[in-house]
file data-v3.csv (CSV, C-alpha atoms)
chain,number,residue,atom,x,y,z
A,1,MET,CA,0.0,0.0,0.0
A,2,GLU,CA,2.9,2.4,0.7
A,3,THR,CA,4.2,1.8,-2.8
A,4,LEU,CA,0.8,2.8,-4.2
A,5,LYS,CA,0.8,6.0,-2.1
A,6,VAL,CA,4.2,7.0,-3.4
A,7,LEU,CA,3.1,6.3,-7.0
A,8,PHE,CA,-0.1,8.3,-6.3
A,9,TRP,CA,1.8,11.4,-5.3
A,10,ILE,CA,4.3,11.0,-8.2
A,11,LEU,CA,1.4,10.9,-10.7
A,12,LEU,CA,-0.5,13.7,-9.0
A,13,ILE,CA,2.6,16.0,-9.0
A,14,ILE,CA,3.2,15.3,-12.7
A,15,ILE,CA,-0.4,16.2,-13.6
A,16,ILE,CA,-0.5,19.3,-11.5
A,17,TYR,CA,2.9,20.5,-12.8
A,18,SER,CA,2.0,19.9,-16.4
A,19,TYR,CA,-1.2,21.9,-16.4
A,20,VAL,CA,-0.8,24.4,-13.5
A,21,GLY,CA,2.6,24.1,-11.8
A,22,TYR,CA,4.7,25.0,-14.9
A,23,GLY,CA,2.6,28.1,-15.4
A,24,VAL,CA,3.2,29.2,-11.8
A,25,VAL,CA,7.0,28.4,-12.0
A,26,LEU,CA,7.2,30.2,-15.4
A,27,TYR,CA,5.4,33.3,-14.1
A,28,ALA,CA,7.7,33.4,-11.1
A,29,LEU,CA,10.9,33.1,-13.2
A,30,VAL,CA,9.6,35.8,-15.6
A,31,LYS,CA,8.9,38.2,-12.6
A,32,ILE,CA,12.5,37.5,-11.3
A,33,LYS,CA,13.9,38.2,-14.8
A,34,ARG,CA,12.0,41.5,-15.0
A,35,LEU,CA,13.7,42.6,-11.7
A,36,PHE,CA,17.2,42.3,-13.3
A,37,LYS,CA,16.5,43.0,-17.0
A,38,ARG,CA,14.0,45.5,-18.5
A,39,LYS,CA,12.4,44.5,-21.7
A,40,THR,CA,13.3,46.8,-24.5
A,41,GLU,CA,11.6,47.0,-27.9
A,42,ASP,CA,13.5,48.0,-31.0
A,43,THR,CA,11.6,48.6,-34.2
A,44,PHE,CA,12.4,49.2,-37.9
A,45,SER,CA,12.1,52.7,-39.2
A,46,ALA,CA,10.0,53.4,-42.2
A,47,ASP,CA,12.9,53.1,-44.7
A,48,GLU,CA,14.3,49.9,-43.0
A,49,TRP,CA,11.4,47.5,-43.6
A,50,PRO,CA,12.9,44.3,-45.0
A,51,GLU,CA,11.4,42.4,-47.9
A,52,VAL,CA,9.2,39.6,-46.7
A,53,THR,CA,7.4,36.7,-48.4
A,54,LEU,CA,3.9,35.7,-47.3
A,55,LEU,CA,3.8,32.0,-48.2
A,56,ILE,CA,0.4,30.3,-48.4
A,57,PRO,CA,0.2,26.5,-49.0
A,58,ALA,CA,-3.1,25.5,-50.4
A,59,TYR,CA,-5.0,22.3,-51.3
A,60,ASN,CA,-8.5,22.8,-52.7
A,61,GLU,CA,-9.0,26.2,-51.1
A,62,SER,CA,-10.9,27.7,-54.0
A,63,ASP,CA,-13.7,28.9,-51.6
A,64,TYR,CA,-11.1,30.9,-49.5
A,65,VAL,CA,-9.0,32.5,-52.2
A,66,SER,CA,-11.1,35.7,-52.6
A,67,GLN,CA,-11.3,36.3,-48.8
A,68,LYS,CA,-7.7,35.5,-48.2
A,69,MET,CA,-6.5,37.8,-51.0
A,70,LYS,CA,-8.9,40.6,-49.8
A,71,ASN,CA,-7.4,40.2,-46.3
A,72,THR,CA,-3.9,40.2,-47.7
A,73,MET,CA,-4.4,43.3,-49.7
A,74,GLN,CA,-5.5,45.1,-46.5
A,75,LEU,CA,-2.4,44.2,-44.5
A,76,ASN,CA,-0.5,47.2,-43.3
A,77,TYR,CA,3.0,46.7,-44.8
A,78,PRO,CA,4.7,48.4,-47.8
A,79,SER,CA,3.3,46.7,-50.9
A,80,ASP,CA,6.7,46.8,-52.7
A,81,LYS,CA,8.3,44.9,-49.8
A,82,LEU,CA,5.6,42.2,-49.5
A,83,LYS,CA,5.8,39.3,-51.9
A,84,ILE,CA,2.7,37.0,-52.0
A,85,VAL,CA,3.4,33.4,-52.9
A,86,TRP,CA,0.9,30.6,-53.1
A,87,VAL,CA,1.9,27.0,-53.5
A,88,THR,CA,-0.9,24.6,-54.5
A,89,ASP,CA,-0.4,20.9,-54.5
A,90,GLY,CA,-2.8,18.7,-56.4
A,91,SER,CA,-5.7,21.1,-56.2
A,92,ASN,CA,-8.4,20.1,-58.5
A,93,ASP,CA,-11.2,22.6,-57.5
A,94,GLY,CA,-9.8,25.5,-59.5
A,95,THR,CA,-7.7,27.1,-56.8
A,96,ASP,CA,-4.8,27.7,-59.2
A,97,ALA,CA,-7.2,29.2,-61.8
A,98,ARG,CA,-8.6,31.7,-59.3
A,99,LEU,CA,-5.1,32.7,-58.2
A,100,LYS,CA,-4.0,33.3,-61.8
A,101,GLN,CA,-6.4,36.2,-61.8
A,102,TYR,CA,-4.2,38.2,-59.4
A,103,ASP,CA,-1.2,40.0,-61.0
A,104,ASN,CA,0.6,40.3,-57.6
A,105,VAL,CA,0.6,36.6,-56.8
A,106,GLU,CA,3.5,34.3,-57.5
A,107,LEU,CA,2.0,30.9,-58.0
A,108,TYR,CA,3.7,27.5,-57.8
A,109,HIS,CA,1.3,24.8,-58.8
A,110,LYS,CA,1.6,21.1,-59.5
A,111,ASP,CA,-1.2,18.8,-60.5
A,112,GLU,CA,0.3,15.8,-58.6
A,113,ARG,CA,-0.8,15.6,-55.0
A,114,LYS,CA,2.2,15.0,-52.7
A,115,GLY,CA,1.1,16.8,-49.6
A,116,LYS,CA,1.7,20.1,-47.8
A,117,ILE,CA,5.3,19.3,-46.7
A,118,ASN,CA,6.4,18.4,-50.2
A,119,ALA,CA,4.8,21.7,-51.5
A,120,MET,CA,6.7,23.7,-48.8
A,121,ASN,CA,10.0,22.0,-49.5
A,122,ARG,CA,9.5,22.5,-53.2
A,123,VAL,CA,8.9,26.3,-53.0
A,124,MET,CA,11.3,27.3,-50.3
A,125,PRO,CA,14.4,27.4,-52.6
A,126,PHE,CA,12.6,30.1,-54.7
A,127,VAL,CA,12.1,32.3,-51.7
A,128,LYS,CA,14.8,35.0,-51.8
A,129,THR,CA,13.5,37.5,-49.1
A,130,PRO,CA,15.3,37.4,-45.7
A,131,ILE,CA,12.1,36.6,-43.9
A,132,VAL,CA,9.3,34.2,-44.9
A,133,ILE,CA,5.9,34.3,-43.2
A,134,PHE,CA,3.7,31.1,-43.3
A,135,SER,CA,-0.1,31.4,-43.2
A,136,ASP,CA,-3.0,29.2,-43.8
A,137,ALA,CA,-5.4,29.9,-46.6
A,138,ASN,CA,-8.5,29.7,-44.4
A,139,THR,CA,-7.4,32.3,-41.8
A,140,ASP,CA,-7.6,36.1,-41.7
A,141,LEU,CA,-4.6,38.1,-40.4
A,142,GLY,CA,-4.8,41.2,-38.2
A,143,LYS,CA,-4.1,44.3,-40.2
A,144,ASP,CA,-0.8,45.1,-38.5
A,145,SER,CA,0.3,41.5,-38.0
A,146,ILE,CA,3.2,41.5,-40.5
A,147,ILE,CA,4.6,44.7,-39.0
A,148,HIS,CA,4.5,43.2,-35.5
A,149,ILE,CA,6.1,40.0,-36.7
A,150,VAL,CA,8.9,41.7,-38.6
A,151,ASN,CA,9.7,44.1,-35.8
A,152,CYS,CA,10.7,41.1,-33.6
A,153,PHE,CA,13.4,40.2,-36.1
A,154,LYS,CA,15.2,43.5,-35.3
A,155,ASP,CA,16.8,41.4,-32.5
A,156,ALA,CA,19.5,39.3,-34.2
A,157,LYS,CA,19.0,36.5,-31.7
A,158,VAL,CA,15.4,35.9,-33.0
A,159,GLY,CA,15.1,33.2,-35.7
A,160,CYS,CA,11.4,32.5,-35.6
A,161,VAL,CA,8.3,34.5,-34.6
A,162,SER,CA,5.0,33.0,-33.8
A,163,GLY,CA,1.7,34.9,-34.1
A,164,GLU,CA,-1.3,34.2,-32.0
A,165,LYS,CA,-4.1,31.8,-33.1
A,166,ARG,CA,-7.5,33.4,-32.2
A,167,ILE,CA,-10.7,31.4,-32.2
A,168,VAL,CA,-13.8,33.3,-33.2
A,169,ASP,CA,-15.5,34.0,-29.9
A,170,LYS,CA,-19.2,33.9,-29.6
A,171,THR,CA,-21.5,34.9,-26.7
A,172,SER,CA,-22.6,31.3,-26.6
A,173,ASP,CA,-20.8,28.3,-27.9
A,174,ALA,CA,-21.0,24.6,-28.2
A,175,ALA,CA,-18.5,22.3,-26.6
A,176,ALA,CA,-15.8,22.5,-29.3
A,177,GLY,CA,-15.8,26.3,-29.6
A,178,ALA,CA,-16.1,27.0,-25.8
A,179,GLY,CA,-13.4,24.5,-24.8
A,180,GLU,CA,-11.0,25.3,-27.6
A,181,GLY,CA,-11.4,29.1,-27.0
A,182,LEU,CA,-10.6,28.8,-23.3
A,183,TYR,CA,-7.7,26.5,-23.9
A,184,TRP,CA,-6.1,28.8,-26.4
A,185,LYS,CA,-6.4,31.8,-24.1
A,186,TYR,CA,-4.4,29.8,-21.5
A,187,GLU,CA,-1.9,28.6,-24.0
A,188,SER,CA,-1.4,32.1,-25.3
A,189,MET,CA,-0.5,33.3,-21.8
A,190,LEU,CA,2.0,30.5,-21.4
A,191,LYS,CA,3.6,31.2,-24.8
A,192,LYS,CA,3.9,34.9,-23.9
A,193,TRP,CA,5.8,34.0,-20.7
A,194,ASP,CA,7.9,31.3,-22.4
A,195,ALA,CA,9.1,33.9,-24.9
A,196,GLU,CA,9.8,36.5,-22.2
A,197,LEU,CA,11.8,34.0,-20.2
A,198,TYR,CA,13.8,32.8,-23.2
A,199,SER,CA,12.0,31.2,-26.1
A,200,ALA,CA,8.5,30.1,-27.1
A,201,VAL,CA,8.3,26.3,-27.6
A,202,GLY,CA,7.0,26.0,-31.1
A,203,ALA,CA,4.9,28.2,-33.4
A,204,ALA,CA,1.3,28.2,-34.5
A,205,GLY,CA,1.0,27.1,-38.1
A,206,GLU,CA,-1.8,29.6,-38.8
A,207,LEU,CA,0.8,32.4,-38.6
A,208,PHE,CA,4.6,32.2,-38.0
A,209,ALA,CA,7.8,33.4,-39.6
A,210,ILE,CA,11.4,32.5,-39.8
A,211,ARG,CA,14.6,33.8,-41.2
A,212,THR,CA,14.6,32.2,-44.6
A,213,GLU,CA,18.2,31.0,-44.4
A,214,LEU,CA,17.4,28.9,-41.3
A,215,TYR,CA,14.8,26.8,-43.0
A,216,GLN,CA,15.6,23.1,-43.0
A,217,GLU,CA,13.8,20.7,-45.3
A,218,VAL,CA,11.1,18.8,-43.5
A,219,GLU,CA,10.6,15.0,-43.7
A,220,GLN,CA,7.7,14.1,-46.0
A,221,ASP,CA,5.7,12.2,-43.3
A,222,THR,CA,5.9,15.0,-40.8
A,223,LEU,CA,2.6,15.7,-39.0
A,224,LEU,CA,3.4,19.0,-37.2
A,225,ASP,CA,5.5,20.9,-39.8
A,226,ASP,CA,5.1,24.2,-37.9
A,227,PHE,CA,6.4,22.7,-34.7
A,228,ILE,CA,9.4,20.9,-36.3
A,229,ILE,CA,10.4,23.9,-38.5
A,230,SER,CA,10.3,26.3,-35.5
A,231,LEU,CA,12.1,24.0,-33.0
A,232,ARG,CA,14.8,23.3,-35.6
A,233,VAL,CA,15.4,27.0,-35.8
A,234,ALA,CA,15.8,27.1,-32.0
A,235,GLN,CA,18.2,24.2,-32.2
A,236,GLN,CA,20.5,26.4,-34.3
A,237,GLY,CA,20.9,28.8,-31.4
A,238,TYR,CA,18.1,31.2,-32.1
A,239,THR,CA,15.0,32.0,-30.1
A,240,ILE,CA,11.4,31.7,-31.0
A,241,GLN,CA,9.5,34.8,-30.0
A,242,TYR,CA,5.7,35.2,-29.6
A,243,ASN,CA,3.8,38.3,-30.5
A,244,PRO,CA,0.1,38.2,-29.7
A,245,GLU,CA,-0.4,41.4,-31.6
A,246,ALA,CA,0.2,39.5,-34.7
A,247,TYR,CA,-2.7,37.2,-35.0
A,248,ALA,CA,-4.6,34.8,-37.2
A,249,ILE,CA,-8.4,34.4,-36.8
A,250,GLU,CA,-10.2,31.1,-37.5
A,251,THR,CA,-13.4,29.5,-36.5
A,252,ALA,CA,-13.5,26.7,-34.0
A,253,SER,CA,-14.0,23.1,-35.0
A,254,ALA,CA,-17.5,22.4,-36.1
A,255,ASN,CA,-18.1,19.9,-33.3
A,256,VAL,CA,-16.2,17.8,-30.8
A,257,LYS,CA,-15.9,14.9,-33.2
A,258,GLU,CA,-14.0,17.2,-35.6
A,259,GLU,CA,-11.9,18.6,-32.8
A,260,LEU,CA,-11.0,15.2,-31.5
A,261,LYS,CA,-9.9,14.2,-35.0
A,262,ARG,CA,-7.7,17.3,-35.2
A,263,LYS,CA,-6.2,16.7,-31.8
A,264,VAL,CA,-5.5,13.0,-32.4
A,265,ARG,CA,-3.4,14.2,-35.4
A,266,ILE,CA,-1.7,16.8,-33.3
A,267,SER,CA,-1.0,14.3,-30.6
A,268,ALA,CA,0.4,11.7,-33.0
A,269,GLY,CA,2.5,14.5,-34.5
A,270,GLY,CA,3.6,15.5,-30.9
A,271,ILE,CA,4.9,12.0,-30.2
A,272,GLN,CA,6.6,12.0,-33.6
A,273,SER,CA,8.2,15.4,-32.8
A,274,VAL,CA,9.5,14.2,-29.4
A,275,ILE,CA,11.3,11.4,-31.2
A,276,ARG,CA,12.7,13.5,-34.0
A,277,LEU,CA,13.7,16.3,-31.6
A,278,HIS,CA,15.1,14.0,-29.0
A,279,ALA,CA,18.3,16.1,-28.9
A,280,LEU,CA,16.3,18.9,-27.2
A,281,LEU,CA,15.9,16.6,-24.1
A,282,ASN,CA,19.6,17.3,-23.3
A,283,ILE,CA,19.3,20.0,-20.8
A,284,PHE,CA,23.0,20.2,-20.4
A,285,LYS,CA,23.3,21.3,-24.1
A,286,TYR,CA,20.1,23.4,-24.5
A,287,GLY,CA,19.6,24.6,-21.0
A,288,VAL,CA,16.5,26.8,-20.5
A,289,LEU,CA,15.1,25.7,-23.9
A,290,SER,CA,15.1,22.1,-22.8
A,291,PHE,CA,13.4,22.9,-19.5
A,292,GLN,CA,10.7,24.8,-21.4
A,293,TYR,CA,10.3,22.1,-24.0
A,294,ILE,CA,10.0,19.2,-21.5
A,295,SER,CA,7.7,21.1,-19.2
A,296,HIS,CA,5.4,22.6,-21.8
A,297,ARG,CA,5.3,20.0,-24.5
A,298,VAL,CA,7.0,16.6,-23.8
A,299,LEU,CA,5.1,15.9,-20.5
A,300,ARG,CA,1.7,16.7,-22.1
A,301,TRP,CA,2.4,14.5,-25.1
A,302,THR,CA,3.8,11.5,-23.1
A,303,VAL,CA,3.7,11.0,-19.4
A,304,THR,CA,0.8,13.2,-18.2
A,305,PRO,CA,-2.1,11.5,-20.0
A,306,LEU,CA,-0.7,8.1,-18.8
A,307,SER,CA,-0.6,9.6,-15.3
A,308,LEU,CA,-4.3,10.6,-15.5
A,309,LEU,CA,-5.2,7.1,-16.7
A,310,LEU,CA,-3.5,5.4,-13.8
A,311,LEU,CA,-4.5,7.9,-11.1
A,312,LEU,CA,-8.2,6.9,-10.9
A,313,PRO,CA,-7.7,3.2,-10.2
A,314,ILE,CA,-4.9,3.9,-7.8
A,315,SER,CA,-6.9,6.5,-5.8
A,316,ALA,CA,-9.9,4.0,-5.9
A,317,ILE,CA,-7.7,1.3,-4.2
A,318,LEU,CA,-6.4,3.8,-1.6
A,319,ALA,CA,-9.9,5.1,-0.9
A,320,ALA,CA,-11.3,1.6,-0.6
A,321,ASN,CA,-8.6,0.7,1.9
A,322,ILE,CA,-9.5,3.7,4.1
A,323,GLY,CA,-13.2,3.7,3.4
A,324,PHE,CA,-15.1,5.5,0.6
A,325,SER,CA,-17.2,7.4,3.2
A,326,SER,CA,-14.1,8.6,5.1
A,327,LEU,CA,-13.1,12.3,5.0
A,328,HIS,CA,-9.5,11.2,4.4
A,329,PHE,CA,-7.7,12.9,1.5
A,330,TYR,CA,-7.6,9.8,-0.7
A,331,SER,CA,-11.3,9.3,-0.4
A,332,LEU,CA,-12.1,12.9,-1.1
A,333,PHE,CA,-9.7,13.0,-4.0
A,334,PHE,CA,-11.3,9.9,-5.5
A,335,TRP,CA,-14.8,11.4,-5.3
A,336,ALA,CA,-13.4,14.7,-6.8
A,337,GLN,CA,-12.1,12.7,-9.8
A,338,LEU,CA,-15.5,11.1,-10.3
A,339,LEU,CA,-17.1,14.4,-10.2
A,340,MET,CA,-14.8,15.7,-12.9
A,341,TYR,CA,-15.6,12.7,-15.1
A,342,VAL,CA,-19.4,13.3,-14.4
A,343,CYS,CA,-18.9,16.9,-15.5
A,344,ALA,CA,-17.1,15.6,-18.7
A,345,LEU,CA,-20.1,13.3,-19.3
A,346,LEU,CA,-22.4,16.3,-18.9
A,347,GLY,CA,-20.3,18.2,-21.4
A,348,TRP,CA,-20.7,15.3,-23.8
A,349,LEU,CA,-24.5,15.3,-23.4
A,350,LEU,CA,-24.6,19.0,-24.0
A,351,GLU,CA,-21.9,19.1,-26.7
A,352,ASN,CA,-24.2,20.4,-29.5
A,353,ASN,CA,-26.0,22.9,-27.3
A,354,ALA,CA,-24.7,26.4,-27.3
A,355,THR,CA,-24.3,28.0,-23.9
A,356,SER,CA,-22.9,31.2,-22.5
A,357,VAL,CA,-21.6,29.2,-19.4
A,358,LYS,CA,-18.5,28.0,-21.2
A,359,ILE,CA,-16.9,26.7,-18.0
A,360,LEU,CA,-19.2,23.7,-18.3
A,361,PHE,CA,-17.2,22.4,-21.2
A,362,VAL,CA,-13.8,22.7,-19.7
A,363,PRO,CA,-13.8,19.2,-18.0
A,364,TYR,CA,-15.1,17.7,-21.3
A,365,TYR,CA,-12.5,19.5,-23.4
A,366,PHE,CA,-9.8,18.5,-20.9
A,367,PHE,CA,-10.9,14.8,-21.2
A,368,ILE,CA,-11.0,15.0,-25.0
A,369,MET,CA,-7.5,16.6,-25.0
A,370,ASN,CA,-6.0,13.8,-23.0
A,371,LEU,CA,-8.0,11.1,-24.8
A,372,SER,CA,-6.5,12.4,-28.1
A,373,VAL,CA,-3.0,11.8,-26.8
A,374,VAL,CA,-3.8,8.1,-26.2
A,375,LEU,CA,-5.5,7.8,-29.6
A,376,GLY,CA,-2.7,9.7,-31.2
A,377,PHE,CA,-0.1,7.3,-29.8
A,378,PHE,CA,-1.9,4.4,-31.5
A,379,ARG,CA,-2.2,6.4,-34.7
A,380,PHE,CA,1.6,7.1,-34.6
A,381,ILE,CA,2.3,3.4,-34.0
A,382,ASN,CA,0.0,2.3,-36.8
A,383,ASN,CA,1.5,4.9,-39.2
A,384,ASN,CA,5.0,3.8,-38.4
A,385,GLN,CA,4.1,0.1,-38.9
A,386,SER,CA,2.6,1.0,-42.3
A,387,VAL,CA,5.7,3.0,-43.4
A,388,ASN,CA,8.0,0.3,-42.3
A,389,TRP,CA,6.0,-2.3,-44.1
A,390,GLU,CA,6.0,-0.2,-47.3
A,391,ARG,CA,9.8,0.2,-47.0
A,392,ALA,CA,10.2,-3.6,-46.5
A,393,LYS,CA,8.2,-4.3,-49.6
A,394,ARG,CA,10.3,-1.8,-51.7
A,395,ALA,CA,13.5,-3.3,-50.3
A,396,HIS,CA,12.5,-6.7,-51.7

call {"tool": "encode", "arguments": {"input": "data-v3.csv", "output": "structure tokens"}}
result
Amino acid sequence: METLKVLFWILLIIIIYSYVGYGVVLYALVKIKRLFKRKTEDTFSADEWPEVTLLIPAYNESDYVSQKMKNTMQLNYPSDKLKIVWVTDGSNDGTDARLKQYDNVELYHKDERKGKINAMNRVMPFVKTPIVIFSDANTDLGKDSIIHIVNCFKDAKVGCVSGEKRIVDKTSDAAAGAGEGLYWKYESMLKKWDAELYSAVGAAGELFAIRTELYQEVEQDTLLDDFIISLRVAQQGYTIQYNPEAYAIETASANVKEELKRKVRISAGGIQSVIRLHALLNIFKYGVLSFQYISHRVLRWTVTPLSLLLLLPISAILAANIGFSSLHFYSLFFWAQLLMYVCALLGWLLENNATSVKILFVPYYFFIMNLSVVLGFFRFINNNQSVNWERAKRAH
């Protein structure tokens, strides 16, 4: 029983640290840093703005071309310094035809569908501007977003800048929108503190930029290209900064089923990234970056969901040993866990009902988020087995 108690506390500490403790520690470290070093902001003057490329990968995005181009034309950045590049890969809905109507668009199109990563790798050798900004076709950018991103590169130590992903906020929302919106607000706060301490841990694919010379070709089967690209920039000794004033707006997932599907893919990509970026686990080499990477990403994608899975049966055994009706901590904690799962069940029952009381969907979204990691693990294993089988067939 003593062994179970020790395991209980280890699992509980991991969970609390992953979702709350790291934020507290991070905030404390940032406050200490502010005492010794004031944050200074240096910006480009009007005649210093560097040339930048806005790179938009697209696959069958015909419905979004007009809105995306309208939004792009309204961006507050010198038009002679902003190059607009679209790369379409296998689109068969007329995306390329629509783009050919714009004289200021540089289009790279291929009929053969090989995926987003291949398209990005294919077009990057043609990008000659010192900074390249990646953005999705179905997102709108804030009017001054490029200015805010580019100003961060005034610091020579900055190799990558992440904008903020904003979810369209409604007065009332269903489970997917409410949970996702609250989650991203918390994540944005952590990213801001991460960047202020040293470096953000990854970038949002909806809007991020890098120094073009730092781009490293990404493996074709990569699931989280934005994460891999940005962290490989950090591995080269540069920092990833986060500027919430540069933002991309998109709508939330249509429903929890769609959100779960998206998160399973992200979780599978997270596990893949932990393996491919294993060098970043070396805290003796990467110091603060390793601490941030492990605390903010690695634990959430590996150990923490497993800890949650084990905590319920372990606390049930401990509570049964003392007595479920006892007011002892283990019994109270067991009932608190059950209450959270009941709240998650309530969120499931109400998932398609819009409500202004968004806090109701937090337990459900939290449950979905951790379930996606477990499902993502199996997806990653299955994908790897499929890839290895294909390689074996080709080898013979």

call {"tool": "residues_around", "arguments": {"input": "data-v3.csv", "residues": "stretch 122-125 of chain A", "least_positions_apart": "3", "cutoff": "12 Å", "atoms": "all atoms listed in the file", "output": "PyMOL selection string"}}
result
chain A and resi 53-57+85-89+106-110+114-119+128-134+210-218+220

call {"tool": "write_last_selection", "arguments": {"input": "data-v3.csv", "atoms": "C-alpha atoms", "output": "PDB file, in the coordinates of the input"}}
result
ATOM      1  CA  THR A  53       7.400  36.700 -48.400  1.00  0.00           C
ATOM      2  CA  LEU A  54       3.900  35.700 -47.300  1.00  0.00           C
ATOM      3  CA  LEU A  55       3.800  32.000 -48.200  1.00  0.00           C
ATOM      4  CA  ILE A  56       0.400  30.300 -48.400  1.00  0.00           C
ATOM      5  CA  PRO A  57       0.200  26.500 -49.000  1.00  0.00           C
ATOM      6  CA  VAL A  85       3.400  33.400 -52.900  1.00  0.00           C
ATOM      7  CA  TRP A  86       0.900  30.600 -53.100  1.00  0.00           C
ATOM      8  CA  VAL A  87       1.900  27.000 -53.500  1.00  0.00           C
ATOM      9  CA  THR A  88      -0.900  24.600 -54.500  1.00  0.00           C
ATOM     10  CA  ASP A  89      -0.400  20.900 -54.500  1.00  0.00           C
ATOM     11  CA  GLU A 106       3.500  34.300 -57.500  1.00  0.00           C
ATOM     12  CA  LEU A 107       2.000  30.900 -58.000  1.00  0.00           C
ATOM     13  CA  TYR A 108       3.700  27.500 -57.800  1.00  0.00           C
ATOM     14  CA  HIS A 109       1.300  24.800 -58.800  1.00  0.00           C
ATOM     15  CA  LYS A 110       1.600  21.100 -59.500  1.00  0.00           C
ATOM     16  CA  LYS A 114       2.200  15.000 -52.700  1.00  0.00           C
ATOM     17  CA  GLY A 115       1.100  16.800 -49.600  1.00  0.00           C
ATOM     18  CA  LYS A 116       1.700  20.100 -47.800  1.00  0.00           C
ATOM     19  CA  ILE A 117       5.300  19.300 -46.700  1.00  0.00           C
ATOM     20  CA  ASN A 118       6.400  18.400 -50.200  1.00  0.00           C
ATOM     21  CA  ALA A 119       4.800  21.700 -51.500  1.00  0.00           C
ATOM     22  CA  LYS A 128      14.800  35.000 -51.800  1.00  0.00           C
ATOM     23  CA  THR A 129      13.500  37.500 -49.100  1.00  0.00           C
ATOM     24  CA  PRO A 130      15.300  37.400 -45.700  1.00  0.00           C
ATOM     25  CA  ILE A 131      12.100  36.600 -43.900  1.00  0.00           C
ATOM     26  CA  VAL A 132       9.300  34.200 -44.900  1.00  0.00           C
ATOM     27  CA  ILE A 133       5.900  34.300 -43.200  1.00  0.00           C
ATOM     28  CA  PHE A 134       3.700  31.100 -43.300  1.00  0.00           C
ATOM     29  CA  ILE A 210      11.400  32.500 -39.800  1.00  0.00           C
ATOM     30  CA  ARG A 211      14.600  33.800 -41.200  1.00  0.00           C
ATOM     31  CA  THR A 212      14.600  32.200 -44.600  1.00  0.00           C
ATOM     32  CA  GLU A 213      18.200  31.000 -44.400  1.00  0.00           C
ATOM     33  CA  LEU A 214      17.400  28.900 -41.300  1.00  0.00           C
ATOM     34  CA  TYR A 215      14.800  26.800 -43.000  1.00  0.00           C
ATOM     35  CA  GLN A 216      15.600  23.100 -43.000  1.00  0.00           C
ATOM     36  CA  GLU A 217      13.800  20.700 -45.300  1.00  0.00           C
ATOM     37  CA  VAL A 218      11.100  18.800 -43.500  1.00  0.00           C
ATOM     38  CA  GLN A 220       7.700  14.100 -46.000  1.00  0.00           C
TER      39      GLN A 220
END

call {"tool": "residues_around", "arguments": {"input": "data-v3.csv", "residues": "A:Lys68", "least_positions_apart": "5", "cutoff": "7 Å", "atoms": "all atoms listed in the file", "output": "list in words"}}
result
Ala137, Asn138 and Asp140 of chain A

call {"tool": "atom_distance", "arguments": {"input": "data-v3.csv", "atom1": "atom CA of A:Cys152", "atom2": "atom CA of A:Lys81"}}
result
16.8 Å

call {"tool": "atom_distance", "arguments": {"input": "data-v3.csv", "atom1": "atom CA of A:Asp96", "atom2": "atom CA of A:Gln67"}}
result
15.0 Å

call {"tool": "closest_residue", "arguments": {"input": "data-v3.csv", "among": "A:Lys83, A:Tyr198, A:Ile271, A:Tyr59", "to": "A:Asp111", "atoms": "only C-alpha atoms"}}
result
A:Tyr59

call {"tool": "axis_aligned_box", "arguments": {"input": "data-v3.csv", "around": "stretch 193-196 of chain A", "padding_each_side": "4 Å", "output": "JSON"}}
result
{"center_x": 7.8, "center_y": 33.9, "center_z": -22.8, "size_x": 12.0, "size_y": 13.2, "size_z": 12.2}

call {"tool": "residues_around", "arguments": {"input": "data-v3.csv", "residues": "A:Ile16", "least_positions_apart": "6", "cutoff": "12 Å", "atoms": "only C-alpha atoms", "output": "PDB file with C-alpha atoms, in the coordinates of the input"}}
result
ATOM      1  CA  TRP A   9       1.800  11.400  -5.300  1.00  0.00           C
ATOM      2  CA  ILE A  10       4.300  11.000  -8.200  1.00  0.00           C
ATOM      3  CA  TYR A  22       4.700  25.000 -14.900  1.00  0.00           C
ATOM      4  CA  GLY A  23       2.600  28.100 -15.400  1.00  0.00           C
ATOM      5  CA  VAL A  24       3.200  29.200 -11.800  1.00  0.00           C
ATOM      6  CA  VAL A  25       7.000  28.400 -12.000  1.00  0.00           C
ATOM      7  CA  SER A 295       7.700  21.100 -19.200  1.00  0.00           C
ATOM      8  CA  LEU A 299       5.100  15.900 -20.500  1.00  0.00           C
ATOM      9  CA  ARG A 300       1.700  16.700 -22.100  1.00  0.00           C
ATOM     10  CA  THR A 304       0.800  13.200 -18.200  1.00  0.00           C
ATOM     11  CA  PRO A 305      -2.100  11.500 -20.000  1.00  0.00           C
ATOM     12  CA  SER A 307      -0.600   9.600 -15.300  1.00  0.00           C
ATOM     13  CA  LEU A 308      -4.300  10.600 -15.500  1.00  0.00           C
TER      14      LEU A 308
END

call {"tool": "residues_around", "arguments": {"input": "data-v3.csv", "residues": "A:Leu306", "least_positions_apart": "5", "cutoff": "9 Å", "atoms": "only C-alpha atoms", "output": "CSV table (one decimal) with C-alpha atoms, in the frame of the given file"}}
result
chain,number,residue,atom,x,y,z
A,11,LEU,CA,1.4,10.9,-10.7
A,311,LEU,CA,-4.5,7.9,-11.1
A,370,ASN,CA,-6.0,13.8,-23.0
A,374,VAL,CA,-3.8,8.1,-26.2

call {"tool": "residues_around", "arguments": {"input": "data-v3.csv", "residues": "A:Thr239", "least_positions_apart": "6", "cutoff": "6 Å", "atoms": "only C-alpha atoms", "output": "VMD selection string"}}
result
chain A and resid 158 to 159 199

call {"tool": "closest_residue", "arguments": {"input": "data-v3.csv", "among": "A:Lys31, A:Lys185, A:Lys285, A:Arg38", "to": "A:Gly237", "atoms": "only C-alpha atoms"}}
result
A:Lys285

call {"tool": "residues_near_point", "arguments": {"input": "data-v3.csv", "point": "(-8.7, 6.1, -13.6)", "cutoff": "12 Å", "atoms": "all atoms listed in the file", "output": "number ranges by chain"}}
result
A: 8, 11, 305-317, 333-338, 340-341, 367
